Amino acid sequence: MSLTGLFLCTFLIVHLIGNLQLFYNDQGKAFNDYAHFMTHFTPIRVVSYLLYASIVIHAIYALVITIHNRKARPVKYAVYRGSANSAWNSRNMGILGTVLLVFIVTHMSNFWWKYHNDGVPYIEYRTDLATQETTVTELIGDEYTDYVKYIDNDVEVIKAKDLYKQVQFTFKNWLLVAFYVISMAALSFHLIHGFKSAFQTLGFDHKKYAPVIRFLGVWLFGVAIPIGFAAMPLYFYFSS
């Protein structure tokens, strides 16, 4: 479970860096180019399947551990003061994980599924390489057959699926935006405990490493990454 968790942590860093292109003021050109690369470059596609498997294994293993722990002590304590011995997030990893699982299904259905099943618009970018001016045209029907990128008379032409517009459309819904932000809060609490626990399970609990692990767990995975992801739906909602 610790290995799948750390693999998912690594994915979060890469995913955040790529998605930061949503903030570029280029009408989605960089992000749509990135989305095509991430879904068609074979090594990355292989890693994607490993990612999906890791999510499933991580969730199943967490469920197995929870059931095992409950069977180990079927009778509850007469007096239980969890807060005296552990932090709130460590006692509620199951709830936090469930919120995140619902979030992943929602996120995949809004973007991954629609992108792979022609549920997003199509777009053409024509960039004059001399002036760097870009004109954008929405494509319809037979105007789009597949992703292309070429240069014609010093004009770079890109035809792509417009996942950027799908992001814009999705985050006009304040309920979805609120759910995304709440999910990122759950991610924060989940990672603050999970990141540290993963290294403890692997034996990296020495006082030499503990401060660094604690710092990364709190400030990188517990603060910076969730805030970065939460900023995206908020940005599109308030700028629409």
# chains A, B, ... in the order shown; residues from 1 in each chain; ligands from 1

$ residues_around --residues "Glu156 in chain A" --least-positions-apart "6" --cutoff "8 Å" --atoms "only C-alpha atoms" --output "count of residues only"
7

$ residues_around --residues "Ser2 in chain A" --least-positions-apart "6" --cutoff "9 Å" --atoms "only C-alpha atoms" --output "list in words"
His58, Gly194, Phe195, Ser197, Ala198, Phe199, Gln200, Thr201 and Leu202 of chain A

$ atom_distance --atom1 "CA of Glu138 in chain A" --atom2 "CA of Val120 in chain A"
11.4 Å

$ atom_distance --atom1 "CA of Thr10 in chain A" --atom2 "CA of Tyr34 in chain A"
18.2 Å

$ closest_residue --among "A:Val157, A:Ile44, A:Leu16, A:Val105" --to "Ala230 in chain A" --atoms "only C-alpha atoms"
A:Leu16

$ select_by_dssp --residues "range 43-237 of chain A" --states "helix (DSSP H, G or I)" --output "short mmCIF file (atom, residue, chain, number, x, y, z; two decimals) with N, CA, C and O atoms, in the first residue's frame"
data_model
loop_
_atom_site.label_atom_id
_atom_site.label_comp_id
_atom_site.auth_asym_id
_atom_site.auth_seq_id
_atom_site.Cartn_x
_atom_site.Cartn_y
_atom_site.Cartn_z
N PRO A 43 5.14 5.36 -23.96
CA PRO A 43 5.63 5.14 -22.58
C PRO A 43 4.70 5.74 -21.53
O PRO A 43 4.49 5.14 -20.46
N ILE A 44 4.13 6.90 -21.82
CA ILE A 44 3.23 7.54 -20.87
C ILE A 44 1.92 6.77 -20.77
O ILE A 44 1.33 6.65 -19.69
N ARG A 45 1.48 6.21 -21.89
CA ARG A 45 0.26 5.40 -21.85
C ARG A 45 0.46 4.17 -20.98
O ARG A 45 -0.44 3.76 -20.23
N VAL A 46 1.65 3.58 -21.04
CA VAL A 46 1.96 2.41 -20.19
C VAL A 46 1.92 2.83 -18.72
O VAL A 46 1.35 2.13 -17.87
N VAL A 47 2.54 3.97 -18.42
CA VAL A 47 2.53 4.47 -17.04
C VAL A 47 1.10 4.76 -16.58
O VAL A 47 0.75 4.54 -15.42
N SER A 48 0.26 5.23 -17.51
CA SER A 48 -1.14 5.51 -17.18
C SER A 48 -1.86 4.25 -16.72
O SER A 48 -2.62 4.28 -15.74
N TYR A 49 -1.62 3.14 -17.42
CA TYR A 49 -2.25 1.88 -17.01
C TYR A 49 -1.74 1.44 -15.65
O TYR A 49 -2.51 0.89 -14.84
N LEU A 50 -0.46 1.68 -15.37
CA LEU A 50 0.08 1.38 -14.04
C LEU A 50 -0.59 2.25 -12.99
O LEU A 50 -0.86 1.81 -11.86
N LEU A 51 -0.87 3.49 -13.38
CA LEU A 51 -1.55 4.42 -12.47
C LEU A 51 -2.95 3.92 -12.12
O LEU A 51 -3.34 3.89 -10.95
N TYR A 52 -3.71 3.52 -13.15
CA TYR A 52 -5.06 3.02 -12.91
C TYR A 52 -5.02 1.80 -12.00
O TYR A 52 -5.84 1.67 -11.07
N ALA A 53 -4.07 0.91 -12.26
CA ALA A 53 -3.93 -0.29 -11.44
C ALA A 53 -3.57 0.08 -10.00
O ALA A 53 -4.08 -0.53 -9.05
N SER A 54 -2.70 1.07 -9.84
CA SER A 54 -2.29 1.49 -8.50
C SER A 54 -3.46 2.05 -7.70
O SER A 54 -3.58 1.79 -6.50
N ILE A 55 -4.33 2.81 -8.37
CA ILE A 55 -5.50 3.37 -7.69
C ILE A 55 -6.40 2.24 -7.18
O ILE A 55 -6.85 2.25 -6.02
N VAL A 56 -6.63 1.25 -8.05
CA VAL A 56 -7.49 0.12 -7.67
C VAL A 56 -6.86 -0.69 -6.54
O VAL A 56 -7.52 -1.02 -5.54
N ILE A 57 -5.56 -1.00 -6.67
CA ILE A 57 -4.87 -1.79 -5.64
C ILE A 57 -4.85 -1.03 -4.32
O ILE A 57 -5.09 -1.61 -3.25
N HIS A 58 -4.57 0.26 -4.38
CA HIS A 58 -4.51 1.09 -3.17
C HIS A 58 -5.85 1.08 -2.45
O HIS A 58 -5.91 0.93 -1.22
N ALA A 59 -6.94 1.24 -3.21
CA ALA A 59 -8.28 1.28 -2.62
C ALA A 59 -8.66 -0.08 -2.02
O ALA A 59 -9.19 -0.15 -0.91
N ILE A 60 -8.39 -1.14 -2.78
CA ILE A 60 -8.74 -2.49 -2.31
C ILE A 60 -7.94 -2.85 -1.07
O ILE A 60 -8.49 -3.39 -0.09
N TYR A 61 -6.66 -2.55 -1.07
CA TYR A 61 -5.81 -2.88 0.07
C TYR A 61 -6.24 -2.11 1.32
O TYR A 61 -6.23 -2.66 2.44
N ALA A 62 -6.64 -0.85 1.13
CA ALA A 62 -7.13 -0.05 2.25
C ALA A 62 -8.40 -0.68 2.84
O ALA A 62 -8.57 -0.73 4.06
N LEU A 63 -9.27 -1.15 1.96
CA LEU A 63 -10.50 -1.81 2.42
C LEU A 63 -10.21 -3.09 3.18
O LEU A 63 -10.80 -3.36 4.23
N VAL A 64 -9.26 -3.88 2.66
CA VAL A 64 -8.88 -5.14 3.32
C VAL A 64 -8.31 -4.87 4.71
O VAL A 64 -8.66 -5.57 5.68
N ILE A 65 -7.46 -3.86 4.82
CA ILE A 65 -6.87 -3.52 6.12
C ILE A 65 -7.95 -3.08 7.10
O ILE A 65 -7.93 -3.48 8.28
N THR A 66 -8.89 -2.27 6.63
CA THR A 66 -9.97 -1.81 7.50
C THR A 66 -10.80 -2.97 8.03
O THR A 66 -11.11 -3.04 9.22
N ILE A 67 -11.17 -3.89 7.14
CA ILE A 67 -11.96 -5.06 7.54
C ILE A 67 -11.18 -5.93 8.52
O ILE A 67 -11.71 -6.41 9.53
N HIS A 68 -9.88 -6.12 8.23
CA HIS A 68 -9.03 -6.94 9.10
C HIS A 68 -8.94 -6.33 10.50
O HIS A 68 -9.02 -7.05 11.51
N ASN A 69 -8.77 -5.01 10.57
CA ASN A 69 -8.66 -4.34 11.87
C ASN A 69 -9.94 -4.45 12.68
O ASN A 69 -9.91 -4.61 13.90
N ARG A 70 -11.07 -4.37 12.00
CA ARG A 70 -12.35 -4.47 12.71
C ARG A 70 -12.58 -5.89 13.22
O ARG A 70 -13.13 -6.09 14.30
N LYS A 71 -12.18 -6.88 12.42
CA LYS A 71 -12.33 -8.27 12.86
C LYS A 71 -11.40 -8.59 14.03
O LYS A 71 -11.72 -9.42 14.89
N ALA A 72 -10.25 -7.93 14.05
CA ALA A 72 -9.28 -8.18 15.12
C ALA A 72 -9.81 -7.71 16.47
O ALA A 72 -9.44 -8.24 17.51
N GLY A 82 -9.79 8.87 20.83
CA GLY A 82 -8.86 8.79 19.71
C GLY A 82 -7.96 10.00 19.59
O GLY A 82 -6.79 9.90 19.25
N SER A 83 -8.50 11.18 19.93
CA SER A 83 -7.73 12.41 19.78
C SER A 83 -6.55 12.46 20.72
O SER A 83 -5.61 13.23 20.50
N ALA A 84 -6.58 11.64 21.76
CA ALA A 84 -5.46 11.63 22.71
C ALA A 84 -4.26 10.89 22.17
O ALA A 84 -3.13 11.09 22.63
N TRP A 88 -6.70 13.65 13.76
CA TRP A 88 -8.01 13.39 13.16
C TRP A 88 -7.88 12.71 11.81
O TRP A 88 -8.61 11.76 11.51
N ASN A 89 -6.96 13.18 10.96
CA ASN A 89 -6.85 12.61 9.62
C ASN A 89 -6.38 11.16 9.64
O ASN A 89 -6.79 10.35 8.80
N SER A 90 -5.53 10.79 10.62
CA SER A 90 -5.07 9.40 10.68
C SER A 90 -6.21 8.46 11.09
O SER A 90 -6.19 7.28 10.72
N ARG A 91 -7.18 8.97 11.86
CA ARG A 91 -8.32 8.14 12.28
C ARG A 91 -9.41 8.08 11.23
O ARG A 91 -10.34 7.27 11.34
N MET A 93 -8.86 8.09 7.64
CA MET A 93 -8.31 7.87 6.31
C MET A 93 -9.33 7.18 5.39
O MET A 93 -9.35 7.40 4.18
N GLY A 94 -10.19 6.34 5.98
CA GLY A 94 -11.20 5.66 5.18
C GLY A 94 -12.20 6.62 4.59
O GLY A 94 -12.56 6.53 3.41
N ILE A 95 -12.65 7.58 5.42
CA ILE A 95 -13.60 8.59 4.93
C ILE A 95 -12.95 9.47 3.87
O ILE A 95 -13.53 9.74 2.81
N LEU A 96 -11.73 9.91 4.15
CA LEU A 96 -11.01 10.76 3.20
C LEU A 96 -10.78 10.02 1.89
O LEU A 96 -10.94 10.58 0.80
N GLY A 97 -10.40 8.75 1.99
CA GLY A 97 -10.16 7.94 0.80
C GLY A 97 -11.43 7.74 -0.02
O GLY A 97 -11.39 7.74 -1.26
N THR A 98 -12.57 7.60 0.67
CA THR A 98 -13.84 7.44 -0.05
C THR A 98 -14.20 8.69 -0.81
O THR A 98 -14.65 8.62 -1.97
N VAL A 99 -14.00 9.84 -0.19
CA VAL A 99 -14.24 11.12 -0.88
C VAL A 99 -13.38 11.22 -2.12
O VAL A 99 -13.84 11.61 -3.21
N LEU A 100 -12.11 10.83 -1.99
CA LEU A 100 -11.18 10.90 -3.12
C LEU A 100 -11.55 9.91 -4.22
O LEU A 100 -11.38 10.20 -5.40
N LEU A 101 -12.06 8.74 -3.84
CA LEU A 101 -12.47 7.76 -4.85
C LEU A 101 -13.65 8.29 -5.66
O LEU A 101 -13.68 8.15 -6.88
N VAL A 102 -14.61 8.91 -4.99
CA VAL A 102 -15.75 9.53 -5.69
C VAL A 102 -15.25 10.65 -6.59
O VAL A 102 -15.70 10.81 -7.74
N PHE A 103 -14.28 11.41 -6.09
CA PHE A 103 -13.70 12.49 -6.88
C PHE A 103 -13.04 11.95 -8.15
O PHE A 103 -13.21 12.51 -9.24
N ILE A 104 -12.26 10.89 -8.02
CA ILE A 104 -11.56 10.32 -9.18
C ILE A 104 -12.55 9.86 -10.24
O ILE A 104 -12.36 10.13 -11.44
N VAL A 105 -13.63 9.19 -9.82
CA VAL A 105 -14.65 8.75 -10.78
C VAL A 105 -15.29 9.94 -11.47
O VAL A 105 -15.48 9.94 -12.70
N THR A 106 -15.62 10.98 -10.71
CA THR A 106 -16.22 12.19 -11.28
C THR A 106 -15.26 12.87 -12.25
O THR A 106 -15.64 13.27 -13.36
N HIS A 107 -14.02 12.99 -11.84
CA HIS A 107 -12.99 13.65 -12.66
C HIS A 107 -12.76 12.90 -13.96
O HIS A 107 -12.69 13.50 -15.04
N MET A 108 -12.64 11.58 -13.87
CA MET A 108 -12.40 10.77 -15.06
C MET A 108 -13.59 10.83 -16.02
O MET A 108 -13.41 10.87 -17.24
N SER A 109 -14.80 10.85 -15.50
CA SER A 109 -15.98 10.90 -16.37
C SER A 109 -16.11 12.25 -17.06
O SER A 109 -16.55 12.33 -18.21
N ASN A 110 -15.71 13.31 -16.37
CA ASN A 110 -15.81 14.65 -16.96
C ASN A 110 -14.76 14.91 -18.03
O ASN A 110 -15.02 15.65 -19.00
N PHE A 111 -13.58 14.34 -17.87
CA PHE A 111 -12.48 14.68 -18.77
C PHE A 111 -11.91 13.47 -19.52
O PHE A 111 -11.90 13.45 -20.74
N TRP A 112 -11.41 12.48 -18.79
CA TRP A 112 -10.78 11.34 -19.46
C TRP A 112 -11.76 10.64 -20.38
O TRP A 112 -11.44 10.38 -21.55
N TRP A 113 -12.93 10.30 -19.90
CA TRP A 113 -13.90 9.56 -20.70
C TRP A 113 -14.34 10.37 -21.93
O TRP A 113 -14.39 9.84 -23.03
N LYS A 114 -14.65 11.63 -21.72
CA LYS A 114 -15.13 12.46 -22.83
C LYS A 114 -14.02 12.70 -23.85
O LYS A 114 -14.28 12.75 -25.05
N TYR A 115 -12.79 12.85 -23.39
CA TYR A 115 -11.68 13.07 -24.32
C TYR A 115 -11.46 11.85 -25.20
O TYR A 115 -11.19 11.97 -26.40
N HIS A 116 -11.59 10.66 -24.63
CA HIS A 116 -11.33 9.43 -25.38
C HIS A 116 -12.54 8.95 -26.17
O HIS A 116 -12.41 8.04 -27.00
N GLY A 141 -17.82 18.81 -37.10
CA GLY A 141 -18.07 17.69 -38.01
C GLY A 141 -16.83 17.15 -38.70
O GLY A 141 -15.83 16.82 -38.06
N ASP A 142 -16.89 17.11 -40.03
CA ASP A 142 -15.82 16.51 -40.83
C ASP A 142 -14.57 17.38 -40.91
O ASP A 142 -13.57 16.97 -41.51
N GLU A 143 -14.60 18.57 -40.34
CA GLU A 143 -13.42 19.44 -40.38
C GLU A 143 -12.28 18.87 -39.52
O GLU A 143 -11.13 19.24 -39.68
N LEU A 163 -9.80 19.98 -25.15
CA LEU A 163 -10.06 19.64 -23.76
C LEU A 163 -10.11 20.90 -22.89
O LEU A 163 -10.80 20.93 -21.87
N TYR A 164 -9.41 21.93 -23.32
CA TYR A 164 -9.41 23.20 -22.59
C TYR A 164 -10.83 23.76 -22.49
O TYR A 164 -11.26 24.21 -21.41
N LYS A 165 -11.56 23.72 -23.58
CA LYS A 165 -12.93 24.24 -23.57
C LYS A 165 -13.83 23.37 -22.70
O LYS A 165 -14.75 23.87 -22.05
N GLN A 166 -13.56 22.06 -22.67
CA GLN A 166 -14.31 21.16 -21.79
C GLN A 166 -14.07 21.53 -20.33
O GLN A 166 -15.00 21.49 -19.51
N VAL A 167 -12.84 21.90 -20.00
CA VAL A 167 -12.52 22.35 -18.64
C VAL A 167 -13.29 23.63 -18.33
O VAL A 167 -13.89 23.77 -17.26
N GLN A 168 -13.28 24.57 -19.26
CA GLN A 168 -14.02 25.82 -19.08
C GLN A 168 -15.50 25.55 -18.82
O GLN A 168 -16.10 26.13 -17.91
N PHE A 169 -16.08 24.69 -19.63
CA PHE A 169 -17.51 24.39 -19.52
C PHE A 169 -17.83 23.70 -18.19
O PHE A 169 -18.79 24.05 -17.51
N THR A 170 -17.01 22.73 -17.82
CA THR A 170 -17.26 21.96 -16.60
C THR A 170 -17.23 22.85 -15.36
O THR A 170 -18.08 22.72 -14.47
N TRP A 174 -21.07 25.63 -10.28
CA TRP A 174 -20.52 25.93 -8.96
C TRP A 174 -20.56 24.71 -8.03
O TRP A 174 -19.70 24.59 -7.13
N LEU A 175 -21.51 23.80 -8.25
CA LEU A 175 -21.56 22.60 -7.42
C LEU A 175 -20.33 21.72 -7.66
O LEU A 175 -19.74 21.20 -6.71
N LEU A 176 -19.95 21.59 -8.93
CA LEU A 176 -18.75 20.81 -9.25
C LEU A 176 -17.50 21.50 -8.71
O LEU A 176 -16.60 20.84 -8.19
N VAL A 177 -17.46 22.82 -8.83
CA VAL A 177 -16.32 23.57 -8.31
C VAL A 177 -16.19 23.37 -6.80
O VAL A 177 -15.10 23.11 -6.28
N ALA A 178 -17.32 23.47 -6.10
CA ALA A 178 -17.31 23.27 -4.65
C ALA A 178 -16.86 21.85 -4.30
O ALA A 178 -16.07 21.65 -3.36
N PHE A 179 -17.34 20.86 -5.06
CA PHE A 179 -16.95 19.47 -4.81
C PHE A 179 -15.46 19.28 -5.04
O PHE A 179 -14.78 18.57 -4.27
N TYR A 180 -14.92 19.89 -6.09
CA TYR A 180 -13.49 19.78 -6.37
C TYR A 180 -12.67 20.38 -5.23
O TYR A 180 -11.65 19.81 -4.80
N VAL A 181 -13.08 21.54 -4.73
CA VAL A 181 -12.33 22.19 -3.66
C VAL A 181 -12.39 21.36 -2.38
O VAL A 181 -11.37 21.17 -1.70
N ILE A 182 -13.57 20.82 -2.05
CA ILE A 182 -13.71 19.96 -0.88
C ILE A 182 -12.84 18.71 -1.03
O ILE A 182 -12.20 18.26 -0.08
N SER A 183 -12.82 18.16 -2.24
CA SER A 183 -12.01 16.97 -2.51
C SER A 183 -10.53 17.26 -2.33
O SER A 183 -9.77 16.41 -1.84
N MET A 184 -10.10 18.47 -2.71
CA MET A 184 -8.70 18.82 -2.53
C MET A 184 -8.36 19.01 -1.05
O MET A 184 -7.23 18.76 -0.63
N ALA A 185 -9.34 19.45 -0.25
CA ALA A 185 -9.13 19.51 1.20
C ALA A 185 -8.96 18.09 1.75
O ALA A 185 -8.09 17.84 2.59
N ALA A 186 -9.79 17.17 1.25
CA ALA A 186 -9.66 15.76 1.67
C ALA A 186 -8.31 15.20 1.24
O ALA A 186 -7.67 14.45 1.99
N LEU A 187 -7.87 15.57 0.04
CA LEU A 187 -6.56 15.12 -0.45
C LEU A 187 -5.45 15.62 0.47
O LEU A 187 -4.51 14.88 0.78
N SER A 188 -5.56 16.86 0.90
CA SER A 188 -4.56 17.44 1.79
C SER A 188 -4.42 16.63 3.07
O SER A 188 -3.31 16.20 3.45
N PHE A 189 -5.53 16.39 3.75
CA PHE A 189 -5.50 15.63 5.00
C PHE A 189 -5.02 14.19 4.77
O PHE A 189 -4.28 13.63 5.58
N HIS A 190 -5.44 13.62 3.65
CA HIS A 190 -5.05 12.24 3.32
C HIS A 190 -3.55 12.13 3.11
O HIS A 190 -2.90 11.19 3.59
N LEU A 191 -2.98 13.10 2.40
CA LEU A 191 -1.56 13.04 2.07
C LEU A 191 -0.67 13.40 3.26
O LEU A 191 0.43 12.86 3.39
N ILE A 192 -1.11 14.31 4.10
CA ILE A 192 -0.30 14.69 5.26
C ILE A 192 0.00 13.46 6.12
O ILE A 192 1.13 13.26 6.59
N HIS A 193 -1.01 12.63 6.32
CA HIS A 193 -0.80 11.40 7.09
C HIS A 193 -0.20 10.29 6.23
O HIS A 193 0.74 9.61 6.66
N GLY A 194 -0.72 10.11 5.02
CA GLY A 194 -0.32 8.99 4.18
C GLY A 194 1.12 9.04 3.73
O GLY A 194 1.80 8.00 3.70
N PHE A 195 1.63 10.23 3.38
CA PHE A 195 3.00 10.35 2.91
C PHE A 195 3.98 9.93 3.99
O PHE A 195 4.90 9.14 3.76
N LYS A 196 3.79 10.45 5.19
CA LYS A 196 4.67 10.10 6.32
C LYS A 196 4.56 8.62 6.66
O LYS A 196 5.57 7.95 6.89
N SER A 197 3.34 8.10 6.68
CA SER A 197 3.12 6.69 7.04
C SER A 197 3.75 5.74 6.04
O SER A 197 4.23 4.67 6.41
N ALA A 198 3.74 6.14 4.75
CA ALA A 198 4.33 5.28 3.72
C ALA A 198 5.83 5.08 3.97
O ALA A 198 6.34 3.96 3.86
N PHE A 199 6.52 6.15 4.34
CA PHE A 199 7.95 6.04 4.60
C PHE A 199 8.22 5.27 5.90
O PHE A 199 9.21 4.54 6.00
N GLN A 200 7.34 5.41 6.88
CA GLN A 200 7.48 4.64 8.11
C GLN A 200 7.34 3.15 7.84
O GLN A 200 8.09 2.33 8.37
N THR A 201 6.38 2.79 6.98
CA THR A 201 6.16 1.39 6.62
C THR A 201 7.38 0.81 5.91
O THR A 201 7.73 -0.36 6.10
N ALA A 210 13.32 11.99 9.16
CA ALA A 210 11.96 12.35 9.57
C ALA A 210 11.60 13.81 9.33
O ALA A 210 10.51 14.09 8.82
N PRO A 211 12.48 14.79 9.65
CA PRO A 211 12.09 16.19 9.42
C PRO A 211 11.85 16.51 7.94
O PRO A 211 10.93 17.26 7.62
N VAL A 212 12.67 15.93 7.06
CA VAL A 212 12.51 16.17 5.62
C VAL A 212 11.20 15.56 5.13
O VAL A 212 10.44 16.19 4.38
N ILE A 213 10.93 14.32 5.56
CA ILE A 213 9.70 13.64 5.17
C ILE A 213 8.49 14.40 5.69
O ILE A 213 7.50 14.58 4.97
N ARG A 214 8.57 14.86 6.92
CA ARG A 214 7.46 15.62 7.51
C ARG A 214 7.24 16.93 6.76
O ARG A 214 6.10 17.34 6.49
N PHE A 215 8.32 17.61 6.40
CA PHE A 215 8.23 18.87 5.67
C PHE A 215 7.57 18.67 4.31
O PHE A 215 6.66 19.42 3.93
N LEU A 216 8.03 17.66 3.57
CA LEU A 216 7.45 17.38 2.25
C LEU A 216 5.99 16.97 2.37
O LEU A 216 5.15 17.39 1.57
N GLY A 217 5.69 16.15 3.36
CA GLY A 217 4.33 15.67 3.54
C GLY A 217 3.36 16.80 3.82
O GLY A 217 2.24 16.81 3.30
N VAL A 218 3.79 17.75 4.65
CA VAL A 218 2.90 18.85 5.03
C VAL A 218 2.86 19.94 3.96
O VAL A 218 1.79 20.31 3.45
N TRP A 219 4.04 20.47 3.60
CA TRP A 219 4.07 21.68 2.78
C TRP A 219 3.96 21.42 1.28
O TRP A 219 3.37 22.22 0.56
N LEU A 220 4.51 20.30 0.80
CA LEU A 220 4.39 19.99 -0.63
C LEU A 220 3.07 19.27 -0.91
O LEU A 220 2.24 19.75 -1.69
N PHE A 221 2.87 18.13 -0.26
CA PHE A 221 1.70 17.31 -0.56
C PHE A 221 0.44 17.74 0.21
O PHE A 221 -0.67 17.53 -0.27
N GLY A 222 0.62 18.33 1.38
CA GLY A 222 -0.54 18.74 2.16
C GLY A 222 -1.02 20.15 1.87
O GLY A 222 -2.17 20.48 2.13
N VAL A 223 -0.13 21.00 1.32
CA VAL A 223 -0.49 22.40 1.08
C VAL A 223 -0.37 22.78 -0.40
O VAL A 223 -1.37 23.13 -1.04
N ALA A 224 0.85 22.71 -0.94
CA ALA A 224 1.09 23.24 -2.29
C ALA A 224 0.29 22.50 -3.37
O ALA A 224 -0.37 23.14 -4.21
N ILE A 225 0.33 21.18 -3.37
CA ILE A 225 -0.34 20.42 -4.42
C ILE A 225 -1.87 20.56 -4.35
O ILE A 225 -2.51 20.86 -5.37
N PRO A 226 -2.50 20.38 -3.19
CA PRO A 226 -3.96 20.57 -3.14
C PRO A 226 -4.39 21.99 -3.51
O PRO A 226 -5.40 22.18 -4.21
N ILE A 227 -3.63 23.00 -3.07
CA ILE A 227 -3.97 24.38 -3.43
C ILE A 227 -3.84 24.58 -4.93
O ILE A 227 -4.67 25.25 -5.57
N GLY A 228 -2.79 24.02 -5.52
CA GLY A 228 -2.60 24.14 -6.97
C GLY A 228 -3.76 23.56 -7.75
O GLY A 228 -4.27 24.17 -8.70
N PHE A 229 -4.22 22.37 -7.35
CA PHE A 229 -5.35 21.74 -8.05
C PHE A 229 -6.65 22.49 -7.78
O PHE A 229 -7.47 22.65 -8.67
N ALA A 230 -6.86 22.94 -6.55
CA ALA A 230 -8.09 23.66 -6.20
C ALA A 230 -8.17 25.00 -6.92
O ALA A 230 -9.27 25.49 -7.22
N ALA A 231 -7.01 25.59 -7.22
CA ALA A 231 -7.00 26.90 -7.90
C ALA A 231 -7.57 26.82 -9.31
O ALA A 231 -8.11 27.82 -9.82
N MET A 232 -7.48 25.66 -9.94
CA MET A 232 -7.92 25.54 -11.33
C MET A 232 -9.43 25.71 -11.50
O MET A 232 -9.89 26.55 -12.28
N PRO A 233 -10.27 24.94 -10.79
CA PRO A 233 -11.71 25.17 -10.92
C PRO A 233 -12.13 26.56 -10.46
O PRO A 233 -13.03 27.17 -11.06
N LEU A 234 -11.48 27.08 -9.42
CA LEU A 234 -11.81 28.43 -8.94
C LEU A 234 -11.47 29.48 -9.99
O LEU A 234 -12.23 30.42 -10.22
N TYR A 235 -10.33 29.31 -10.64
CA TYR A 235 -9.90 30.25 -11.68
C TYR A 235 -10.91 30.29 -12.83
O TYR A 235 -11.32 31.37 -13.27
N PHE A 236 -11.33 29.13 -13.30
CA PHE A 236 -12.26 29.09 -14.44
C PHE A 236 -13.66 29.56 -14.05
O PHE A 236 -14.36 30.19 -14.84
N TYR A 237 -14.06 29.25 -12.82
CA TYR A 237 -15.40 29.67 -12.39
C TYR A 237 -15.50 31.19 -12.29
O TYR A 237 -16.45 31.80 -12.79
#

$ decode --residues "range 142-146 of chain A" --atoms "all heavy atoms" --output "short mmCIF file (atom, residue, chain, number, x, y, z; two decimals), in the first residue's frame"
data_model
loop_
_atom_site.label_atom_id
_atom_site.label_comp_id
_atom_site.auth_asym_id
_atom_site.auth_seq_id
_atom_site.Cartn_x
_atom_site.Cartn_y
_atom_site.Cartn_z
N ASP A 142 -16.89 17.11 -40.03
CA ASP A 142 -15.82 16.51 -40.83
C ASP A 142 -14.57 17.38 -40.91
O ASP A 142 -13.57 16.97 -41.51
CB ASP A 142 -16.33 16.23 -42.25
CG ASP A 142 -17.43 15.19 -42.26
OD1 ASP A 142 -17.49 14.41 -41.28
OD2 ASP A 142 -18.23 15.18 -43.22
N GLU A 143 -14.60 18.57 -40.34
CA GLU A 143 -13.42 19.44 -40.38
C GLU A 143 -12.28 18.87 -39.52
O GLU A 143 -11.13 19.24 -39.68
CB GLU A 143 -13.78 20.84 -39.89
CG GLU A 143 -14.69 21.61 -40.83
CD GLU A 143 -15.03 22.99 -40.30
OE1 GLU A 143 -15.35 23.11 -39.11
OE2 GLU A 143 -14.96 23.95 -41.08
N TYR A 144 -12.64 17.98 -38.59
CA TYR A 144 -11.62 17.35 -37.75
C TYR A 144 -11.66 15.84 -37.94
O TYR A 144 -12.71 15.21 -37.81
CB TYR A 144 -11.85 17.67 -36.27
CG TYR A 144 -10.84 17.01 -35.36
CD1 TYR A 144 -9.63 17.63 -35.08
CD2 TYR A 144 -11.09 15.76 -34.80
CE1 TYR A 144 -8.70 17.02 -34.25
CE2 TYR A 144 -10.17 15.15 -33.97
CZ TYR A 144 -8.96 15.78 -33.70
OH TYR A 144 -8.04 15.17 -32.89
N THR A 145 -10.51 15.27 -38.28
CA THR A 145 -10.42 13.80 -38.40
C THR A 145 -9.45 13.22 -37.38
O THR A 145 -9.69 12.15 -36.82
CB THR A 145 -9.96 13.40 -39.82
OG1 THR A 145 -8.73 14.09 -40.12
CG2 THR A 145 -11.03 13.77 -40.84
N ASP A 146 -8.34 13.95 -37.14
CA ASP A 146 -7.35 13.49 -36.16
C ASP A 146 -6.43 14.64 -35.83
O ASP A 146 -6.40 15.66 -36.54
CB ASP A 146 -6.55 12.31 -36.73
CG ASP A 146 -5.86 11.51 -35.63
OD1 ASP A 146 -6.03 11.87 -34.44
OD2 ASP A 146 -5.17 10.53 -35.95
#
